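One file, my_file-v8.txt, carrying compact mmCIF, C-alpha atoms:
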```txt
# COMPACT_ATOMS: atom_id res chain seq x y z
CA MET A 1 -52.84 21.80 47.56
CA GLU A 2 -52.50 20.94 51.20
CA MET A 3 -53.24 17.19 51.00
CA LEU A 4 -50.51 16.75 48.41
CA LYS A 5 -47.96 18.81 50.34
CA GLN A 6 -48.60 16.77 53.48
CA ARG A 7 -48.13 13.56 51.50
CA ILE A 8 -44.84 14.82 50.06
CA LEU A 9 -43.63 15.72 53.56
CA GLN A 10 -44.75 12.34 54.89
CA ASP A 11 -43.64 9.98 52.10
CA GLY A 12 -41.30 11.98 49.85
CA ARG A 13 -37.55 12.08 50.38
CA ALA A 14 -35.21 14.89 49.42
CA LEU A 15 -32.07 13.02 48.44
CA SER A 16 -30.14 16.24 47.76
CA ASP A 17 -30.85 19.90 47.00
CA GLN A 18 -32.01 18.78 43.53
CA VAL A 19 -33.53 15.29 43.77
CA LEU A 20 -36.96 14.63 45.27
CA LEU A 21 -37.97 10.97 45.50
CA VAL A 22 -41.74 10.51 45.36
CA ASP A 23 -41.85 7.04 43.88
CA SER A 24 -44.05 5.65 46.65
CA PHE A 25 -47.12 7.61 45.49
CA LEU A 26 -46.44 9.47 42.24
CA ASN A 27 -44.20 7.80 39.68
CA HIS A 28 -43.55 4.13 40.46
CA GLN A 29 -46.19 3.17 42.98
CA VAL A 30 -49.13 5.49 42.30
CA ASP A 31 -51.86 6.57 44.71
CA VAL A 32 -54.62 6.93 42.12
CA ALA A 33 -57.10 8.45 44.58
CA LEU A 34 -54.55 11.20 45.25
CA MET A 35 -54.08 11.60 41.48
CA LYS A 36 -57.83 12.01 41.12
CA ALA A 37 -57.77 14.70 43.82
CA CYS A 38 -54.99 16.41 41.84
CA GLY A 39 -57.18 16.16 38.72
CA GLU A 40 -60.04 17.82 40.59
CA GLU A 41 -57.73 20.61 41.72
CA PHE A 42 -56.41 21.19 38.18
CA ALA A 43 -60.02 21.25 36.93
CA ARG A 44 -60.88 23.87 39.55
CA ARG A 45 -57.85 26.07 38.81
CA PHE A 46 -58.32 25.94 35.04
CA ALA A 47 -62.13 26.05 35.07
CA ASP A 48 -62.18 29.43 33.27
CA ALA A 49 -59.53 28.56 30.67
CA GLY A 50 -61.78 26.98 28.05
CA ILE A 51 -59.71 23.79 27.94
CA THR A 52 -60.67 21.36 25.16
CA ARG A 53 -57.96 18.72 25.54
CA ILE A 54 -55.48 17.36 28.09
CA ALA A 55 -51.94 16.54 26.98
CA THR A 56 -49.10 14.88 28.84
CA ILE A 57 -45.67 13.38 28.28
CA GLU A 58 -45.07 9.70 28.88
CA SER A 59 -44.89 8.16 31.25
CA SER A 60 -45.07 9.64 34.77
CA GLY A 61 -47.51 12.34 33.69
CA ILE A 62 -50.07 9.84 32.43
CA ALA A 63 -51.76 8.98 35.74
CA PRO A 64 -52.41 12.59 36.89
CA ALA A 65 -53.28 13.66 33.32
CA ALA A 66 -55.73 10.77 32.90
CA MET A 67 -57.47 11.70 36.15
CA THR A 68 -57.63 15.36 35.09
CA ALA A 69 -59.12 14.32 31.73
CA LEU A 70 -61.62 12.10 33.54
CA VAL A 71 -62.72 14.89 35.89
CA MET A 72 -62.93 17.45 33.06
CA ASP A 73 -64.54 14.94 30.64
CA LEU A 74 -61.96 15.64 27.92
CA PRO A 75 -59.76 13.51 25.68
CA MET A 76 -56.11 13.03 26.62
CA VAL A 77 -53.14 12.92 24.27
CA ILE A 78 -49.90 11.28 25.38
CA MET A 79 -46.80 12.70 23.73
CA LYS A 80 -44.35 9.86 23.25
CA LYS A 81 -40.67 9.56 24.07
CA SER A 82 -40.10 6.77 21.58
CA VAL A 83 -41.81 5.93 18.33
CA SER A 84 -43.39 2.57 17.72
CA SER A 85 -42.72 1.00 14.35
CA ILE A 86 -46.44 1.25 13.59
CA LEU A 87 -46.72 4.96 14.41
CA LYS A 88 -44.84 6.73 11.66
CA ASP A 89 -47.42 8.66 9.66
CA GLY A 90 -48.26 12.29 10.36
CA ILE A 91 -45.95 12.72 13.32
CA ILE A 92 -43.96 15.74 14.42
CA GLN A 93 -40.94 15.54 16.70
CA ARG A 94 -38.69 17.69 18.82
CA GLU A 95 -35.52 16.82 20.70
CA VAL A 96 -35.80 17.29 24.45
CA PHE A 97 -32.98 16.90 26.95
CA SER A 98 -33.78 14.87 30.06
CA PHE A 99 -31.75 15.98 33.06
CA THR A 100 -32.97 12.94 35.03
CA LYS A 101 -31.65 10.52 32.40
CA ASN A 102 -28.84 12.80 31.23
CA ALA A 103 -29.73 12.09 27.62
CA PRO A 104 -31.90 13.59 24.88
CA TYR A 105 -35.03 11.96 23.52
CA LEU A 106 -37.33 12.67 20.57
CA LEU A 107 -40.70 13.85 21.84
CA THR A 108 -43.33 12.77 19.33
CA LEU A 109 -46.90 13.80 18.57
CA LYS A 110 -49.29 12.61 15.88
CA THR A 111 -50.83 15.86 14.66
CA HIS A 112 -54.09 14.08 13.84
CA PHE A 113 -54.93 14.12 17.54
CA ILE A 114 -54.77 17.89 17.86
CA THR A 115 -57.55 19.94 16.30
CA PRO A 116 -56.48 23.46 15.26
CA GLY A 117 -58.16 25.74 17.77
CA ASP A 118 -57.76 23.26 20.62
CA ARG A 119 -57.01 24.86 23.96
CA VAL A 120 -54.70 22.39 25.62
CA LEU A 121 -53.86 21.90 29.28
CA LEU A 122 -50.43 20.23 29.51
CA ILE A 123 -50.14 18.13 32.67
CA ASP A 124 -46.95 16.57 34.00
CA ASP A 125 -45.77 15.07 37.27
CA PHE A 126 -42.78 17.39 37.69
CA LEU A 127 -41.80 20.83 36.48
CA ALA A 128 -38.10 21.56 37.00
CA ASN A 129 -36.01 23.01 34.18
CA GLY A 130 -38.99 23.17 31.87
CA GLU A 131 -37.29 21.24 29.07
CA ALA A 132 -40.11 18.72 28.66
CA ALA A 133 -42.80 21.40 29.01
CA PHE A 134 -41.25 23.67 26.36
CA GLY A 135 -40.78 20.68 24.05
CA GLY A 136 -44.39 19.65 24.49
CA ILE A 137 -45.63 23.21 24.00
CA ALA A 138 -43.63 23.54 20.78
CA LEU A 139 -45.21 20.38 19.37
CA LEU A 140 -48.74 21.34 20.45
CA GLU A 141 -48.39 24.82 18.93
CA GLN A 142 -46.88 23.39 15.74
CA ALA A 143 -49.99 21.20 15.51
CA GLY A 144 -52.21 24.29 15.72
CA ALA A 145 -53.25 24.28 19.37
CA THR A 146 -53.12 27.04 21.95
CA VAL A 147 -51.49 25.96 25.19
CA ALA A 148 -53.94 27.48 27.65
CA GLY A 149 -52.22 26.13 30.72
CA VAL A 150 -49.44 24.06 32.17
CA GLY A 151 -50.18 22.04 35.29
CA ALA A 152 -47.50 20.35 37.36
CA VAL A 153 -48.22 18.10 40.30
CA ILE A 154 -44.89 19.15 41.84
CA ALA A 155 -42.72 22.09 40.76
CA LYS A 156 -39.15 22.56 41.85
CA ALA A 157 -39.70 26.29 41.99
CA PHE A 158 -35.99 26.90 42.68
CA GLN A 159 -35.22 25.57 39.19
CA PRO A 160 -35.91 27.85 36.21
CA GLY A 161 -38.80 26.05 34.42
CA MET A 162 -41.77 27.74 36.11
CA GLU A 163 -40.33 31.25 35.78
CA LYS A 164 -39.31 30.70 32.16
CA LEU A 165 -42.78 29.43 31.24
CA ARG A 166 -44.46 32.39 32.91
CA ALA A 167 -42.01 34.81 31.31
CA ALA A 168 -42.97 33.29 27.94
CA GLY A 169 -46.62 34.08 28.71
CA TYR A 170 -47.91 30.67 29.79
CA ARG A 171 -50.23 30.17 32.71
CA VAL A 172 -48.64 27.70 35.14
CA GLU A 173 -50.25 26.05 38.13
CA ALA A 174 -48.19 23.84 40.43
CA LEU A 175 -50.11 21.92 43.08
CA ALA A 176 -47.02 21.60 45.29
CA PRO A 177 -44.35 24.22 44.49
CA VAL A 178 -41.19 23.32 46.38
CA LYS A 179 -39.26 26.46 47.35
CA HIS A 180 -36.20 24.88 48.85
CA MET A 181 -34.68 21.43 49.25
CA ALA A 182 -31.66 19.95 50.94
CA GLU A 183 -30.91 16.39 51.99
CA GLY A 184 -33.83 15.49 54.27
CA VAL A 185 -35.41 18.96 53.97
CA ILE A 186 -38.42 19.94 51.84
CA GLU A 187 -39.92 23.44 52.08
CA PHE A 188 -42.94 24.79 50.22
CA MET B 1 -67.04 -6.03 26.41
CA GLU B 2 -69.39 -4.86 23.71
CA MET B 3 -68.77 -1.10 23.97
CA LEU B 4 -65.04 -1.65 23.52
CA LYS B 5 -65.45 -4.04 20.58
CA GLN B 6 -67.72 -1.55 18.82
CA ARG B 7 -65.15 1.19 19.37
CA ILE B 8 -62.37 -0.99 17.95
CA LEU B 9 -64.50 -1.74 14.87
CA GLN B 10 -65.35 1.94 14.48
CA ASP B 11 -61.99 3.61 15.19
CA GLY B 12 -59.37 0.85 15.08
CA ARG B 13 -57.52 -0.12 11.92
CA ALA B 14 -56.07 -3.50 11.08
CA LEU B 15 -52.95 -2.58 9.13
CA SER B 16 -52.05 -6.24 8.49
CA ASP B 17 -52.81 -9.68 9.94
CA GLN B 18 -50.61 -8.71 12.92
CA VAL B 19 -50.87 -4.95 13.52
CA LEU B 20 -53.93 -3.30 15.07
CA LEU B 21 -53.81 0.49 15.26
CA VAL B 22 -55.89 1.85 18.14
CA ASP B 23 -53.97 5.05 18.78
CA SER B 24 -57.06 7.24 18.51
CA PHE B 25 -58.54 6.00 21.79
CA LEU B 26 -56.12 3.66 23.60
CA ASN B 27 -52.41 4.41 23.35
CA HIS B 28 -51.70 7.88 21.93
CA GLN B 29 -54.98 9.74 22.19
CA VAL B 30 -56.82 8.16 25.13
CA ASP B 31 -60.56 8.06 25.78
CA VAL B 32 -60.37 8.10 29.56
CA ALA B 33 -64.10 7.52 30.03
CA LEU B 34 -63.74 4.33 27.98
CA MET B 35 -60.70 3.40 30.10
CA LYS B 36 -62.81 3.88 33.23
CA ALA B 37 -65.47 1.58 31.74
CA CYS B 38 -62.69 -0.97 31.11
CA GLY B 39 -61.61 -0.57 34.74
CA GLU B 40 -65.17 -1.24 35.89
CA GLU B 41 -65.28 -4.37 33.74
CA PHE B 42 -61.96 -5.65 35.10
CA ALA B 43 -63.21 -4.96 38.63
CA ARG B 44 -66.36 -6.98 37.89
CA ARG B 45 -64.52 -9.92 36.34
CA PHE B 46 -61.91 -10.13 39.11
CA ALA B 47 -64.29 -9.29 41.97
CA ASP B 48 -63.77 -12.74 43.56
CA ALA B 49 -59.99 -12.86 43.13
CA GLY B 50 -58.97 -11.09 46.33
CA ILE B 51 -56.85 -8.54 44.47
CA THR B 52 -54.73 -6.28 46.71
CA ARG B 53 -52.73 -4.35 44.11
CA ILE B 54 -52.82 -3.37 40.43
CA ALA B 55 -49.64 -3.57 38.38
CA THR B 56 -48.90 -2.45 34.85
CA ILE B 57 -46.03 -1.92 32.46
CA GLU B 58 -45.22 1.55 31.19
CA SER B 59 -46.55 3.26 29.33
CA SER B 60 -49.68 2.29 27.37
CA GLY B 61 -51.00 0.16 30.23
CA ILE B 62 -50.98 3.05 32.69
CA ALA B 63 -54.30 4.68 31.74
CA PRO B 64 -56.44 1.50 31.91
CA ALA B 65 -54.54 0.27 34.98
CA ALA B 66 -55.00 3.60 36.78
CA MET B 67 -58.75 3.51 36.11
CA THR B 68 -58.93 -0.09 37.33
CA ALA B 69 -57.04 0.88 40.50
CA LEU B 70 -59.38 3.85 40.98
CA VAL B 71 -62.51 1.70 40.62
CA MET B 72 -61.11 -1.05 42.89
CA ASP B 73 -59.65 1.47 45.38
CA LEU B 74 -56.21 -0.14 45.25
CA PRO B 75 -52.66 1.12 44.77
CA MET B 76 -51.04 0.79 41.36
CA VAL B 77 -47.43 -0.10 40.62
CA ILE B 78 -45.88 0.81 37.27
CA MET B 79 -43.11 -1.52 36.15
CA LYS B 80 -40.56 0.57 34.27
CA LYS B 81 -38.88 0.03 30.94
CA SER B 82 -35.98 2.30 31.79
CA VAL B 83 -34.35 3.16 35.07
CA SER B 84 -34.06 6.71 36.27
CA SER B 85 -30.71 7.66 37.76
CA ILE B 86 -32.45 8.25 41.09
CA LEU B 87 -34.16 4.85 41.20
CA LYS B 88 -31.36 2.35 41.74
CA ASP B 89 -31.90 0.90 45.20
CA GLY B 90 -33.81 -2.31 45.81
CA ILE B 91 -34.74 -2.95 42.22
CA ILE B 92 -35.11 -6.22 40.35
CA GLN B 93 -34.95 -6.52 36.58
CA ARG B 94 -35.72 -8.88 33.75
CA GLU B 95 -35.00 -8.62 30.06
CA VAL B 96 -38.12 -8.56 27.91
CA PHE B 97 -38.19 -8.59 24.13
CA SER B 98 -40.53 -6.08 22.48
CA PHE B 99 -41.84 -7.28 19.13
CA THR B 100 -43.31 -3.84 18.45
CA LYS B 101 -39.93 -2.15 18.86
CA ASN B 102 -37.90 -5.19 17.77
CA ALA B 103 -35.54 -4.71 20.70
CA PRO B 104 -35.16 -5.92 24.27
CA TYR B 105 -35.63 -3.73 27.33
CA LEU B 106 -34.98 -4.20 31.04
CA LEU B 107 -38.27 -4.35 32.88
CA THR B 108 -37.72 -2.95 36.37
CA LEU B 109 -39.56 -3.15 39.69
CA LYS B 110 -38.68 -1.72 43.08
CA THR B 111 -39.50 -4.62 45.41
CA HIS B 112 -40.40 -2.19 48.20
CA PHE B 113 -43.73 -1.59 46.46
CA ILE B 114 -44.78 -5.23 46.57
CA THR B 115 -45.80 -6.71 49.90
CA PRO B 116 -45.21 -10.46 50.18
CA GLY B 117 -48.67 -11.96 50.07
CA ASP B 118 -49.99 -9.35 47.65
CA ARG B 119 -52.46 -10.69 45.11
CA VAL B 120 -51.71 -8.68 42.03
CA LEU B 121 -53.84 -7.99 38.97
CA LEU B 122 -51.54 -7.21 36.04
CA ILE B 123 -53.23 -4.88 33.53
CA ASP B 124 -51.92 -4.01 30.09
CA ASP B 125 -53.33 -2.48 26.92
CA PHE B 126 -52.38 -5.40 24.65
CA LEU B 127 -51.72 -9.09 25.10
CA ALA B 128 -50.05 -10.63 22.05
CA ASN B 129 -47.00 -12.87 22.44
CA GLY B 130 -47.09 -12.58 26.21
CA GLU B 131 -43.48 -11.45 26.51
CA ALA B 132 -44.27 -8.38 28.60
CA ALA B 133 -46.81 -10.26 30.74
CA PHE B 134 -44.43 -13.14 31.52
CA GLY B 135 -41.67 -10.63 32.31
CA GLY B 136 -43.94 -8.70 34.65
CA ILE B 137 -45.19 -11.89 36.30
CA ALA B 138 -41.63 -13.08 36.90
CA LEU B 139 -40.74 -9.81 38.65
CA LEU B 140 -43.93 -9.74 40.73
CA GLU B 141 -43.42 -13.36 41.85
CA GLN B 142 -39.76 -12.72 42.59
CA ALA B 143 -40.92 -9.86 44.84
CA GLY B 144 -43.18 -12.28 46.75
CA ALA B 145 -46.57 -11.59 45.18
CA THR B 146 -49.12 -13.97 43.72
CA VAL B 147 -50.32 -12.95 40.29
CA ALA B 148 -54.04 -13.54 40.74
CA GLY B 149 -54.98 -12.31 37.29
CA VAL B 150 -53.88 -10.82 34.02
CA GLY B 151 -56.20 -8.33 32.35
CA ALA B 152 -55.71 -7.12 28.79
CA VAL B 153 -57.84 -4.44 27.17
CA ILE B 154 -57.24 -6.10 23.78
CA ALA B 155 -55.83 -9.58 23.18
CA LYS B 156 -54.60 -10.78 19.83
CA ALA B 157 -55.97 -14.23 20.58
CA PHE B 158 -54.38 -15.66 17.41
CA GLN B 159 -50.95 -14.97 18.91
CA PRO B 160 -49.68 -17.32 21.62
CA GLY B 161 -49.64 -15.10 24.76
CA MET B 162 -53.12 -15.79 26.11
CA GLU B 163 -52.87 -19.56 25.65
CA LYS B 164 -49.36 -19.71 27.13
CA LEU B 165 -50.46 -17.74 30.21
CA ARG B 166 -53.49 -19.99 30.74
CA ALA B 167 -51.36 -23.11 30.19
CA ALA B 168 -49.04 -21.79 32.91
CA GLY B 169 -52.02 -21.55 35.27
CA TYR B 170 -52.77 -17.84 35.16
CA ARG B 171 -56.26 -16.44 34.96
CA VAL B 172 -56.53 -14.18 31.93
CA GLU B 173 -59.36 -11.85 31.01
CA ALA B 174 -59.30 -9.95 27.73
CA LEU B 175 -62.02 -7.33 27.25
CA ALA B 176 -61.74 -7.54 23.45
CA PRO B 177 -60.16 -10.80 22.26
CA VAL B 178 -59.46 -10.50 18.53
CA LYS B 179 -59.80 -13.90 16.84
CA HIS B 180 -58.68 -12.93 13.36
CA MET B 181 -57.22 -9.94 11.56
CA ALA B 182 -56.30 -9.06 8.02
CA GLU B 183 -55.76 -5.69 6.36
CA GLY B 184 -59.03 -3.86 6.98
CA VAL B 185 -60.62 -6.83 8.79
CA ILE B 186 -61.08 -7.28 12.55
CA GLU B 187 -63.04 -10.25 13.92
CA PHE B 188 -63.79 -11.03 17.55
```
Please render this file's structure as structure tokens.
Amino acid sequence: MEMLKQRILQDGRALSDQVLLVDSFLNHQVDVALMKACGEEFARRFADAGITRIATIESSGIAPAAMTALVMDLPMVIMKKSVSSILKDGIIQREVFSFTKNAPYLLTLKTHFITPGDRVLLIDDFLANGEAAFGGIALLEQAGATVAGVGAVIAKAFQPGMEKLRAAGYRVEALAPVKHMAEGVIEF
Amino acid sequence: MEMLKQRILQDGRALSDQVLLVDSFLNHQVDVALMKACGEEFARRFADAGITRIATIESSGIAPAAMTALVMDLPMVIMKKSVSSILKDGIIQREVFSFTKNAPYLLTLKTHFITPGDRVLLIDDFLANGEAAFGGIALLEQAGATVAGVGAVIAKAFQPGMEKLRAAGYRVEALAPVKHMAEGVIEF
């Protein structure tokens, strides 16, 4: 997606060969019009996939997932990283390791919000090692859904997540797959 | 906002005189079309307030705030409850107590994303005790912004947040102010 790649080149910063800072438009300050354009692009790429529900993982995936759900006129489900004291019934959980935070968290889904037979499109801001995506997929499948697609706004294609997901049979679309990074260098 | 109130009566559940469960359309499963309607209503109510930026607090405020930002064609800033290892420069923080989680967290804002002179509309899903709102306001003002409005999708008007904010001079709009709750009872 050319508009997104240009924005990453203009406003993103590769802090190292691993760390891409995009907090001026994606995950701290958010350009919602750009997120809507991402939603339109996901809708176009997954138009033939029979998607019935959008899922995401809190919290940086929420804005692009919400715009995708808006464009596709579908409900969104946010898988949670922490459990509120009032949200304890009918939940399933899976431990996911966050490389960004260097700590595990319990990804949580209330199964009531997945209908068996749902074809889910899982949207997130980043796809890197695939830990969060595989955790989310496991919960969605445990709840009876088919994961019909995984959409990442940005993929660090030099990290193993995208390949591992495809090897496991999942359809993955990354709007901006980054092939190579080094300090100050971003290549698609 | 009548459509929202009807939805709360239809799909919300008062679990006690304090706890309102709306996770089927607001904070776990999300009806994004309803969130867009909320955004349109916030835009209407704050049309004369000269808003230049939308702010929210992760993560349940993100969907309604993103839709408000989309409708008003403004950038959104998400104040964070935890700090990523790559987001350490130029941040300000304030401790906020969460009654829902019965624990404090460090609300965090990168000041770079607030321009001195900004007139910010702070959007959240719930307004109850006002802890999160006052924490967010303190950070936004410390960064040089004027908080020109606080918008809550739902306010528990029987808890002190809304009154305390108004007493402190802030303009508050709640799309569904709940006057009274008891187990199984919700009154606007």
Taking only C-alpha atoms into account, find every residue of chain B that has an atom no more than 9 Å from chain A, and write it out as a VMD selection string.
chain B and resid 15 19 to 21 23 to 25 27 to 33 36 55 58 to 60 62 to 63 66 to 67 69 to 70 73 to 80 83 to 87 100 to 102 109 to 110 112 to 113
How far is it from CA of Ala182 in chain B to CA of Asp124 in chain B, in Å with one decimal?
23.1 Å
For Asp17 in chain A, which residue out of A:Gly135, A:Lys164, A:Lys156, A:Ala49 is the nearest one, using all atoms listed in the file?
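Checking each of A:Gly135, A:Lys164, A:Lys156, A:Ala49 against Asp17 in chain A, counting all atoms listed in the file, the winner is A:Lys156.
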Give me the residues within 9 Å of Thr111 in chain B as a ChimeraX atom specification, counting only C-alpha atoms and dropping any in the same chain fewer than 3 places off.
/B:90-92,114-115,139-140,142-144
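The coordinates place CA of Ala176 in chain B at 18.2 Å from CA of Ala132 in chain B.
In this comparison, which uses all atoms listed in the file, the residue of B:Ala128, B:Val96, B:Met72, B:Met181 approaching Gly50 in chain B most closely is B:Met72.
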Of the candidates B:Cys38, B:Ala43, B:Val120, B:Val172, which shows the shortest atom-to-atom distance to Glu2 in chain B, using all atoms listed in the file?
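Going through B:Cys38, B:Ala43, B:Val120, B:Val172 one by one, the smallest distance to Glu2 in chain B is for B:Cys38.
One finds CA of Ala103 in chain B at 25.6 Å from CA of Arg166 in chain B.
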Could you check which of A:Glu173, A:Asp89, A:Glu95, A:Glu163 is closest to Leu122 in chain A, using all atoms listed in the file?
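When distances to Leu122 in chain A are compared using all atoms listed in the file, the smallest one comes from A:Glu173.
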In terms of only C-alpha atoms, the residue from B:Ile137, B:Val178, B:Ile123, B:Ala167 at minimal distance from Leu4 in chain B is B:Val178
Find the smallest box with edges along x, y and z containing every listed atom of range 36-47 of chain A, then add 6 Å on each side and report centre and edge lengths in Å to one decimal, as AutoDock Vina command-line options.
```
--center_x -58.6 --center_y 19.0 --center_z 39.4 --size_x 19.1 --size_y 26.1 --size_z 20.8
```
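Distance check against Leu9 in chain A using only C-alpha atoms: of A:Asp125, A:Glu187, A:Asp48, A:Glu141, the minimum falls on A:Glu187.
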